[in-house]
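Asker: Got a structure for you, structure36.txt, holding compact mmCIF, C-alpha atoms and all ligand atoms.
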```txt
# COMPACT_ATOMS: atom_id res chain seq x y z
CA MET D 604 33.42 -13.33 6.30
CA TRP D 605 34.46 -10.17 8.10
CA THR D 606 34.69 -9.84 11.86
CA ILE D 607 33.28 -6.77 13.55
CA ASP D 608 36.86 -5.53 13.93
CA GLU D 609 37.48 -5.83 10.19
CA LEU D 610 34.25 -3.93 9.60
CA LYS D 611 35.35 -1.26 12.08
CA THR D 612 38.64 -0.92 10.20
CA PHE D 613 36.77 -0.64 6.88
CA LEU D 614 34.56 2.06 8.37
CA SER D 615 37.46 3.99 9.86
CA THR D 616 37.79 5.93 6.58
CA PRO D 617 34.86 7.78 4.97
CA ARG D 618 32.94 5.50 2.60
CA LYS D 619 30.18 5.77 0.03
CA ILE D 620 27.51 3.47 1.41
CA LEU D 621 24.21 2.34 -0.07
CA ILE D 622 21.51 1.26 2.37
CA THR D 623 18.60 -0.71 0.99
CA THR D 624 15.63 -2.73 2.21
CA HIS D 625 12.74 -4.82 0.94
CA SER D 626 10.13 -3.73 -1.58
CA LYS D 627 7.05 -1.94 -0.17
CA PRO D 628 9.02 -1.08 2.98
CA ASP D 629 7.13 -0.89 6.27
CA GLY D 630 7.98 0.96 9.47
CA ASP D 631 10.72 -1.48 10.42
CA ALA D 632 12.32 -1.40 6.97
CA MET D 633 12.30 2.41 6.68
CA GLY D 634 12.98 3.04 10.39
CA SER D 635 16.00 0.72 10.31
CA SER D 636 17.29 2.20 7.04
CA LEU D 637 17.00 5.80 8.19
CA ALA D 638 18.47 5.04 11.64
CA MET D 639 21.47 3.54 9.82
CA PHE D 640 21.57 6.57 7.50
CA HIS D 641 21.73 9.08 10.39
CA TYR D 642 24.31 6.94 12.20
CA LEU D 643 26.61 6.71 9.17
CA ILE D 644 26.42 10.47 8.59
CA LYS D 645 27.51 10.99 12.20
CA LYS D 646 30.43 8.63 11.52
CA GLY D 647 31.54 10.79 8.57
CA HIS D 648 30.35 8.56 5.73
CA GLU D 649 28.30 9.31 2.63
CA PRO D 650 25.21 7.11 2.89
CA VAL D 651 22.15 6.99 0.68
CA VAL D 652 18.93 5.03 1.26
CA VAL D 653 17.35 3.26 -1.72
CA SER D 654 13.84 1.84 -1.47
CA PRO D 655 13.01 -0.73 -4.18
CA SER D 656 9.48 0.71 -4.41
CA ASP D 657 7.24 3.48 -3.15
CA TYR D 658 5.97 3.27 0.43
CA GLY D 659 3.17 4.58 2.61
CA VAL D 660 2.73 8.32 3.16
CA TYR D 661 2.41 7.40 6.84
CA LEU D 662 6.22 6.95 6.80
CA HIS D 663 7.10 10.19 5.01
CA TRP D 664 7.44 12.13 8.29
CA LEU D 665 10.49 10.05 9.32
CA PRO D 666 13.63 12.15 9.78
CA GLY D 667 15.78 11.80 6.65
CA ASN D 668 12.88 10.76 4.41
CA PRO D 669 13.32 13.53 1.80
CA GLY D 670 16.71 12.08 0.77
CA VAL D 671 15.42 8.55 0.15
CA LEU D 672 15.62 7.36 -3.47
CA ALA D 673 12.63 5.21 -4.39
CA LEU D 674 12.24 3.05 -7.50
CA PRO D 675 10.93 3.30 -10.13
CA VAL D 676 11.06 7.15 -10.10
CA ASP D 677 14.67 7.42 -8.88
CA LYS D 678 16.03 4.30 -10.62
CA GLU D 679 18.81 6.07 -12.58
CA LYS D 680 20.14 7.83 -9.48
CA ALA D 681 19.85 4.66 -7.42
CA LEU D 682 21.85 2.65 -9.98
CA LYS D 683 24.54 5.34 -10.07
CA HIS D 684 24.86 5.17 -6.27
CA LEU D 685 24.88 1.36 -6.43
CA ASN D 686 27.73 1.50 -8.92
CA GLU D 687 29.78 3.89 -6.81
CA ALA D 688 29.05 2.29 -3.44
CA GLU D 689 31.96 0.85 -1.46
CA LEU D 690 29.59 -0.96 0.88
CA ILE D 691 25.97 -2.10 0.58
CA ILE D 692 23.89 -2.49 3.73
CA CYS D 693 20.82 -4.73 3.34
CA LEU D 694 18.24 -4.27 6.06
CA ASP D 695 15.10 -6.22 7.00
CA PHE D 696 15.50 -8.81 4.23
CA ASN D 697 17.91 -11.66 3.52
CA ASN D 698 16.86 -12.79 0.08
CA TYR D 699 17.23 -10.83 -3.18
CA LYS D 700 13.69 -11.70 -4.25
CA ARG D 701 12.29 -9.41 -1.55
CA THR D 702 13.81 -6.40 -3.35
CA GLU D 703 11.73 -7.09 -6.48
CA TYR D 704 12.66 -4.53 -9.15
CA PHE D 705 16.01 -3.76 -7.48
CA ALA D 706 17.01 -7.44 -7.20
CA ASP D 707 18.92 -7.87 -10.49
CA ALA D 708 21.05 -4.76 -10.04
CA LEU D 709 21.67 -5.54 -6.37
CA LYS D 710 22.75 -9.09 -7.18
CA LYS D 711 25.24 -7.82 -9.79
CA ALA D 712 26.68 -5.08 -7.59
CA THR D 713 30.28 -5.81 -6.65
CA ALA D 714 30.65 -3.92 -3.35
CA PRO D 715 30.67 -6.07 -0.19
CA LYS D 716 27.26 -6.52 1.45
CA ILE D 717 26.23 -6.42 5.08
CA MET D 718 22.93 -7.99 6.11
CA ILE D 719 21.02 -7.09 9.27
CA ASP D 720 17.76 -8.97 9.51
CA HIS D 721 15.33 -11.10 11.50
CA HIS D 722 13.70 -13.32 8.86
CA LEU D 723 14.19 -17.08 8.49
CA ASP D 724 16.33 -18.79 5.84
CA PRO D 725 18.96 -16.23 4.78
CA GLU D 726 20.22 -16.65 1.23
CA GLY D 727 23.78 -15.86 2.33
CA PHE D 728 24.95 -12.96 0.14
CA ASP D 729 26.71 -11.07 2.92
CA ILE D 730 30.28 -10.64 4.06
CA PHE D 731 29.08 -9.64 7.54
CA HIS D 732 25.71 -10.03 9.21
CA ILE D 733 23.74 -9.54 12.35
CA TRP D 734 20.97 -12.06 11.93
CA ASN D 735 18.58 -13.15 14.65
CA PRO D 736 15.12 -14.53 13.82
CA ASP D 737 14.16 -14.10 17.49
CA ALA D 738 14.63 -10.34 17.32
CA CYS D 739 11.29 -8.50 17.38
CA ALA D 740 12.43 -6.08 14.67
CA THR D 741 15.43 -5.36 12.47
CA ALA D 742 15.57 -2.03 14.35
CA GLU D 743 16.45 -3.99 17.51
CA LEU D 744 19.41 -5.46 15.61
CA ILE D 745 20.50 -2.03 14.36
CA TYR D 746 20.79 -1.10 18.02
CA ASP D 747 22.93 -4.27 18.52
CA PHE D 748 25.07 -3.20 15.58
CA MET D 749 25.69 0.26 17.08
CA GLU D 750 26.50 -1.45 20.39
CA GLN D 751 29.01 -3.78 18.69
CA MET D 752 30.53 -0.75 16.98
CA GLY D 753 30.93 0.85 20.43
CA ASP D 754 28.77 3.74 19.29
CA LEU D 755 25.67 3.73 21.52
CA SER D 756 26.62 7.25 22.61
CA LEU D 757 25.98 8.44 19.03
CA ILE D 758 22.26 7.65 19.29
CA ASP D 759 20.43 10.96 19.10
CA LYS D 760 16.79 11.95 18.78
CA ASP D 761 16.58 11.18 15.03
CA ILE D 762 18.18 7.76 15.36
CA ALA D 763 16.03 6.98 18.41
CA THR D 764 12.88 8.04 16.53
CA CYS D 765 13.71 5.80 13.57
CA LEU D 766 14.61 2.79 15.74
CA TYR D 767 11.46 3.19 17.83
CA THR D 768 9.35 3.32 14.66
CA GLY D 769 10.85 -0.02 13.59
CA ILE D 770 10.33 -1.63 16.96
CA ILE D 771 6.68 -0.62 17.40
CA THR D 772 5.85 -1.58 13.80
CA ASP D 773 7.13 -5.15 14.03
CA SER D 774 6.25 -5.81 17.68
CA GLY D 775 2.63 -4.66 17.32
CA SER D 776 3.48 -1.88 19.79
CA PHE D 777 5.15 -4.35 22.21
CA ARG D 778 2.44 -7.00 22.16
CA TYR D 779 3.98 -9.91 20.22
CA PRO D 780 5.67 -12.80 22.04
CA ASN D 781 9.12 -11.89 20.71
CA VAL D 782 9.25 -8.71 22.79
CA THR D 783 11.78 -9.23 25.58
CA ALA D 784 12.86 -7.27 28.63
CA ARG D 785 15.86 -6.24 26.55
CA VAL D 786 13.60 -4.61 23.95
CA HIS D 787 12.10 -2.49 26.70
CA ARG D 788 15.59 -1.64 27.98
CA ILE D 789 16.57 -0.54 24.46
CA VAL D 790 13.50 1.67 24.34
CA ALA D 791 14.43 3.15 27.72
CA ALA D 792 17.81 4.04 26.22
CA LEU D 793 16.06 5.57 23.20
CA MET D 794 13.96 7.70 25.55
CA ASP D 795 17.14 8.85 27.29
CA ALA D 796 18.41 9.88 23.84
CA GLY D 797 15.43 12.18 23.28
CA LEU D 798 12.74 9.95 21.81
CA GLN D 799 9.22 11.37 22.01
CA HIS D 800 7.36 8.08 21.87
CA SER D 801 3.88 9.60 21.92
CA HIS D 802 4.63 11.69 18.86
CA VAL D 803 5.81 8.62 16.96
CA HIS D 804 2.57 6.75 17.79
CA ASP D 805 0.50 9.72 16.63
CA MET D 806 2.39 9.89 13.34
CA MET D 807 2.25 6.13 12.76
CA PHE D 808 -1.29 5.30 13.80
CA ASP D 809 -3.41 8.43 14.04
CA THR D 810 -2.95 10.01 10.63
CA PHE D 811 -5.75 8.31 8.69
CA THR D 812 -7.72 10.08 6.01
CA GLU D 813 -11.48 9.88 6.51
CA LYS D 814 -11.74 7.66 3.40
CA ARG D 815 -9.24 5.21 4.85
CA LEU D 816 -11.09 4.93 8.17
CA ARG D 817 -14.40 4.39 6.36
CA PHE D 818 -12.69 1.76 4.20
CA PHE D 819 -11.61 -0.09 7.36
CA GLY D 820 -15.20 0.20 8.64
CA MET D 821 -16.61 -1.16 5.39
CA CYS D 822 -14.17 -4.09 5.42
CA ILE D 823 -15.04 -5.03 9.00
CA LYS D 824 -18.78 -4.60 8.50
CA ASP D 825 -19.23 -6.08 5.02
CA LYS D 826 -16.14 -8.05 4.05
CA LEU D 827 -15.02 -9.88 7.18
CA VAL D 828 -15.70 -13.62 6.93
CA VAL D 829 -15.47 -15.51 10.23
CA LEU D 830 -14.91 -19.25 10.06
CA PRO D 831 -15.44 -20.61 13.58
CA GLU D 832 -14.97 -24.20 12.33
CA TYR D 833 -11.34 -23.31 11.57
CA ARG D 834 -10.88 -20.65 14.29
CA ALA D 835 -9.95 -18.41 11.38
CA ALA D 836 -11.14 -15.33 9.52
CA TYR D 837 -10.37 -13.38 6.41
CA ILE D 838 -11.11 -10.15 4.60
CA SER D 839 -10.81 -10.02 0.82
CA VAL D 840 -10.63 -6.72 -1.02
CA THR D 841 -11.33 -6.14 -4.73
CA LYS D 842 -9.64 -3.64 -7.05
CA ALA D 843 -12.96 -1.76 -7.30
CA GLU D 844 -13.13 -1.32 -3.52
CA LEU D 845 -9.56 0.00 -3.39
CA LYS D 846 -10.49 2.47 -6.12
CA GLU D 847 -13.77 3.54 -4.55
CA TYR D 848 -12.07 4.43 -1.25
CA GLU D 849 -8.92 5.81 -2.96
CA ILE D 850 -6.70 3.42 -1.05
CA VAL D 851 -3.02 3.92 -1.90
CA THR D 852 0.23 2.17 -0.92
CA GLY D 853 0.47 1.58 2.82
CA GLU D 854 -3.15 2.39 3.58
CA THR D 855 -4.21 -1.23 4.18
CA GLU D 856 -1.53 -1.51 6.88
CA GLY D 857 -3.10 -2.62 10.18
CA LEU D 858 -6.37 -3.87 8.70
CA VAL D 859 -5.49 -7.55 9.06
CA ASN D 860 -5.12 -7.20 12.83
CA TYR D 861 -8.79 -6.43 13.47
CA SER D 862 -9.83 -10.03 12.74
CA LEU D 863 -7.54 -11.26 15.50
CA MET D 864 -9.49 -9.17 18.02
CA LEU D 865 -12.08 -11.96 17.94
CA SER D 866 -11.45 -14.20 20.95
CA ASP D 867 -12.02 -17.42 19.05
CA VAL D 868 -9.94 -16.55 16.00
CA VAL D 869 -6.28 -17.64 15.98
CA PHE D 870 -5.47 -17.09 12.31
CA ALA D 871 -6.48 -14.26 9.99
CA ALA D 872 -5.82 -13.18 6.43
CA LEU D 873 -6.18 -9.99 4.46
CA ILE D 874 -6.36 -10.87 0.76
CA ILE D 875 -6.04 -7.93 -1.61
CA ASP D 876 -6.36 -7.82 -5.40
CA ARG D 877 -3.37 -5.58 -6.26
CA GLU D 878 -2.16 -4.39 -9.67
CA HIS D 879 -0.16 -7.41 -10.80
CA LEU D 880 -1.01 -10.05 -8.23
CA VAL D 881 -3.08 -10.93 -5.20
CA LYS D 882 -1.24 -10.01 -2.00
CA LEU D 883 -1.84 -11.72 1.32
CA SER D 884 -1.13 -10.58 4.87
CA LEU D 885 -1.36 -13.36 7.44
CA ARG D 886 -1.46 -13.02 11.22
CA SER D 887 -1.73 -15.63 13.97
CA LYS D 888 -1.93 -16.02 17.71
CA GLY D 889 0.17 -18.39 19.83
CA ASP D 890 2.17 -21.05 18.01
CA PHE D 891 0.22 -21.22 14.77
CA PRO D 892 2.89 -20.79 12.03
CA ALA D 893 1.64 -18.04 9.70
CA ASN D 894 5.04 -18.11 7.92
CA GLU D 895 4.84 -21.84 7.18
CA PHE D 896 1.30 -21.38 5.83
CA ALA D 897 2.48 -18.46 3.65
CA GLY D 898 5.36 -20.52 2.28
CA LYS D 899 3.24 -23.59 1.58
CA TYR D 900 0.44 -21.89 -0.35
CA PHE D 901 1.49 -18.36 -1.29
CA GLU D 902 5.22 -18.33 -2.17
CA GLY D 903 5.79 -16.20 0.89
CA GLY D 904 7.19 -16.30 4.39
CA GLY D 905 7.84 -14.05 7.34
CA HIS D 906 7.56 -14.60 11.05
CA LEU D 907 5.58 -17.08 13.14
CA ASN D 908 2.78 -14.61 13.92
CA ALA D 909 3.09 -12.20 10.98
CA ALA D 910 3.71 -13.37 7.45
CA GLY D 911 2.74 -12.63 3.89
CA GLY D 912 2.75 -13.94 0.39
CA SER D 913 1.19 -13.55 -3.02
CA TYR D 914 -0.90 -15.37 -5.60
CA LYS D 915 -0.79 -15.01 -9.35
CA GLY D 916 -4.39 -15.31 -10.47
CA LYS D 917 -7.90 -14.33 -9.52
CA LEU D 918 -8.88 -12.99 -6.11
CA GLU D 919 -11.52 -15.70 -5.65
CA ASP D 920 -8.97 -18.40 -6.46
CA ALA D 921 -6.61 -16.97 -3.83
CA VAL D 922 -9.47 -17.11 -1.32
CA ALA D 923 -10.20 -20.71 -2.35
CA LEU D 924 -6.55 -21.62 -1.80
CA TYR D 925 -6.64 -19.97 1.64
CA LEU D 926 -9.71 -22.07 2.49
CA LYS D 927 -7.97 -25.22 1.21
CA GLY D 928 -5.02 -24.38 3.46
CA LEU D 929 -7.35 -23.95 6.43
CA GLU D 930 -8.82 -27.38 5.78
CA GLU D 931 -5.33 -28.91 5.71
CA TYR D 932 -4.31 -27.07 8.86
CA LYS D 933 -7.62 -27.72 10.64
CA PRO D 934 -6.21 -30.15 13.24
CA LEU D 935 -3.49 -27.67 14.21
CA LEU D 936 -5.90 -24.69 14.22
CA LEU D 937 -8.30 -26.51 16.52
CA ALA D 938 -5.43 -27.58 18.81
CA MET D 939 -4.41 -23.95 19.41
P1 LIG K 1001 2.72 -7.60 5.92
O1 LIG K 1001 1.53 -8.49 6.13
O2 LIG K 1001 2.81 -6.56 6.98
O3 LIG K 1001 2.84 -7.10 4.54
O4 LIG K 1001 3.96 -8.54 6.12
C1 LIG K 1001 4.21 -9.18 7.34
C2 LIG K 1001 5.54 -9.92 7.26
O5 LIG K 1001 5.41 -10.96 6.32
C3 LIG K 1001 6.67 -9.07 6.74
O6 LIG K 1001 7.38 -8.49 7.80
C4 LIG K 1001 7.53 -10.06 6.00
O7 LIG K 1001 8.37 -10.69 6.91
C5 LIG K 1001 6.57 -11.10 5.53
N1 LIG K 1001 6.15 -11.00 4.12
C6 LIG K 1001 5.17 -10.24 3.59
N2 LIG K 1001 5.03 -10.45 2.28
C7 LIG K 1001 5.95 -11.38 1.95
C8 LIG K 1001 6.31 -12.04 0.72
O8 LIG K 1001 5.74 -11.81 -0.34
N3 LIG K 1001 7.34 -12.93 0.79
C9 LIG K 1001 7.98 -13.23 1.97
N4 LIG K 1001 8.98 -14.13 1.95
N5 LIG K 1001 7.67 -12.63 3.13
C10 LIG K 1001 6.67 -11.72 3.13
MN MN K 1002 11.07 -6.34 10.12
```
As structure tokens, how would this structure be written, given the file I've shared?
Answerer:
Amino acid sequence: MWTIDELKTFLSTPRKILITTHSKPDGDAMGSSLAMFHYLIKKGHEPVVVSPSDYGVYLHWLPGNPGVLALPVDKEKALKHLNEAELIICLDFNNYKRTEYFADALKKATAPKIMIDHHLDPEGFDIFHIWNPDACATAELIYDFMEQMGDLSLIDKDIATCLYTGIITDSGSFRYPNVTARVHRIVAALMDAGLQHSHVHDMMFDTFTEKRLRFFGMCIKDKLVVLPEYRAAYISVTKAELKEYEIVTGETEGLVNYSLMLSDVVFAALIIDREHLVKLSLRSKGDFPANEFAGKYFEGGGHLNAAGGSYKGKLEDAVALYLKGLEEYKPLLLAM
């Protein structure tokens, strides 16, 4: 393992650096990656960001986005950069599986790997890491990294914008229990560096198409199933519904949270019939372990209050498995 001083020495000469994150990156994954990208450019390096998949248009406004290579379209270029990289920085994941179609190549790559992440159970592929499952976002840990590097003064408007995007994405705009006074102090520092927080919120949350908003309305009106006996709820979405409302990657983001607005609901699921598999988003209130539930039934994981997983099979069977899980977790759900 490297110490921070060994890493500083390594980074004291210009390096070719590949930054990557998990498949279907969200605001924390892309915000963290692009913050790191801008930082490394300022340090005189040659970084490139590789996304293992496409990602929501709602993230395309991020500074630095046009240079991002996304699989499968940019696979050749991405592999060339992977081959030439002297350092690989893995952000917002700690397990190769989360990089899906990039996993094999990433595993085989010989350059040393850094991991900065806040998920449980790291696989341990790194030579240096900043890992803290209590951090509200990987973006918070990118700030820690810049602090450890002695480079907080390099944080400019672009870096601040990217870090803030990560923090608001994973903290539910500062509402989850893992938001600390320190997170707010970091944000104060980002504001000092030129962050326009209101603009970021507009770009992240108020850029719906009409179809998308009507899709949310339809889901809440017609698809929401409330299960008071379990203090739970779920919304399931078919392929036909996604097609009818022209819902593309990233456009279901945020939908799962509406169910938790119900005062008596402590656990909610969004169950979507995607191309190759059924994808689940799970959210909870208080101490109910959404990540444990995701791991037990849906080969997934995540954080206590926000987790996800998948199911290979029919949508209705995924729903049945969710209901089976609720039955097994009933005592805990009712104790919340
Ligand atoms: P979302 O519901 O927003 O897609 O995901 C919420 C959180 O759940 C993510 O930040 C991630 O930590 C976790 N997550 C989502 N999908 C998966 C999955 O398939 N596997 C694992 N291990 N974690 C996931
Ligand atoms: Mn994250």
Asker: Using only C-alpha atoms, find the one residue out of D:Met806, D:Val829, D:Ile730, D:Ala638 that sits nearest to Thr606 of chain D.
Answerer: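 Closest residue, counting only C-alpha atoms: D:Ile730.
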Asker: Would you compute the distance between atom CA of Lys915 of chain D and atom CA of Leu880 of chain D? Give it in Å to one decimal.
Answerer: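 Here the two named atoms are 5.1 Å from each other.
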Asker: Step by step, measure atom-to-atom distances between ligand MN 1002 (chain K) and each residue using only C-alpha atoms and all ligand atoms, keep those at most 8 Å, then write them as a list in words.
Answerer: Asp629, Gly630, Asp631, Ala632, Asp695, Phe696, Asp720, His721, His722, Cys739, Ala740, Thr741, Ala742, Gly769, Thr772 and Asp773 of chain D
Asker: To check your reading of the model: which residues sit at most 7 Å from ligand LIG 1001 (chain K) when counting all atoms listed in the file? Write the answer as a PyMOL selection string.
Answerer: chain D and resi 701+722+856+883-885+902-906+909-913
Asker: Using all atoms listed in the file, find the one residue out of D:His663, D:Lys678, D:Lys711, D:His732 that sits nearest to Leu694 of chain D.
Answerer: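 Smallest distance to Leu694 of chain D is found for D:His732.
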Asker: Determine the nearest neighbour of Ile745 of chain D from the options D:Glu847, D:Ala673, D:Ile733, D:Ser626, counting only C-alpha atoms.
Answerer: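 With only C-alpha atoms as the atom set, the closest residue is D:Ile733.
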Asker: From the options D:Phe748, D:Lys627, D:Ile762, D:Leu643, which residue's atoms come nearest to Glu854 of chain D, counting all atoms listed in the file?
Answerer: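 For Glu854 of chain D, the nearest of the candidates is D:Lys627.
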Asker: Residues within 9 Å of Leu662 of chain D, please, as a VMD selection string. Count all atoms listed in the file; anything in the same chain fewer than 2 positions from it doesn't count.
Answerer: chain D and resid 629 to 630 633 to 634 658 to 660 664 to 665 668 806 to 807 853
Asker: Do you have the atom CA of His787 of chain D-atom CA of Lys611 of chain D distance handy?
Answerer: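 Atom-to-atom, atom CA of His787 of chain D and atom CA of Lys611 of chain D are spaced 27.5 Å apart.
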Asker: What's the separation between atom CA of His800 of chain D and atom CA of Ile758 of chain D, in Å to one decimal place?
Answerer: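 A separation of 15.1 Å between them.
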Asker: Using all atoms listed in the file, pick whichever of D:Asp737, D:Glu679, D:His625, D:Ile620 has the shortest atom-to-atom distance to Tyr779 of chain D.
Answerer: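 Checking each candidate against Tyr779 of chain D, we get D:Asp737 as the closest.
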Asker: Here is a test: counting all atoms listed in the file, which residue of D:Ala796, D:Ile607, D:Ile838, D:Cys765 is nearest to Glu750 of chain D?
Answerer: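 Going through D:Ala796, D:Ile607, D:Ile838, D:Cys765 one by one, the smallest distance to Glu750 of chain D is for D:Ile607.
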Asker: Set the distance at 12 Å and use all atoms listed in the file: which residues neighbour Ala706 of chain D once local chain neighbours fewer than 2 positions away are removed? I'd like the list as a list of chain:residue names.
Answerer: D:Thr623, D:Thr624, D:His625, D:Ser626, D:Ser654, D:Pro655, D:Ser656, D:Leu674, D:Leu682, D:Leu685, D:Cys693, D:Phe696, D:Asn697, D:Asn698, D:Tyr699, D:Lys700, D:Arg701, D:Thr702, D:Glu703, D:Tyr704, D:Ala708, D:Leu709, D:Lys710, D:Lys711, D:Ala712
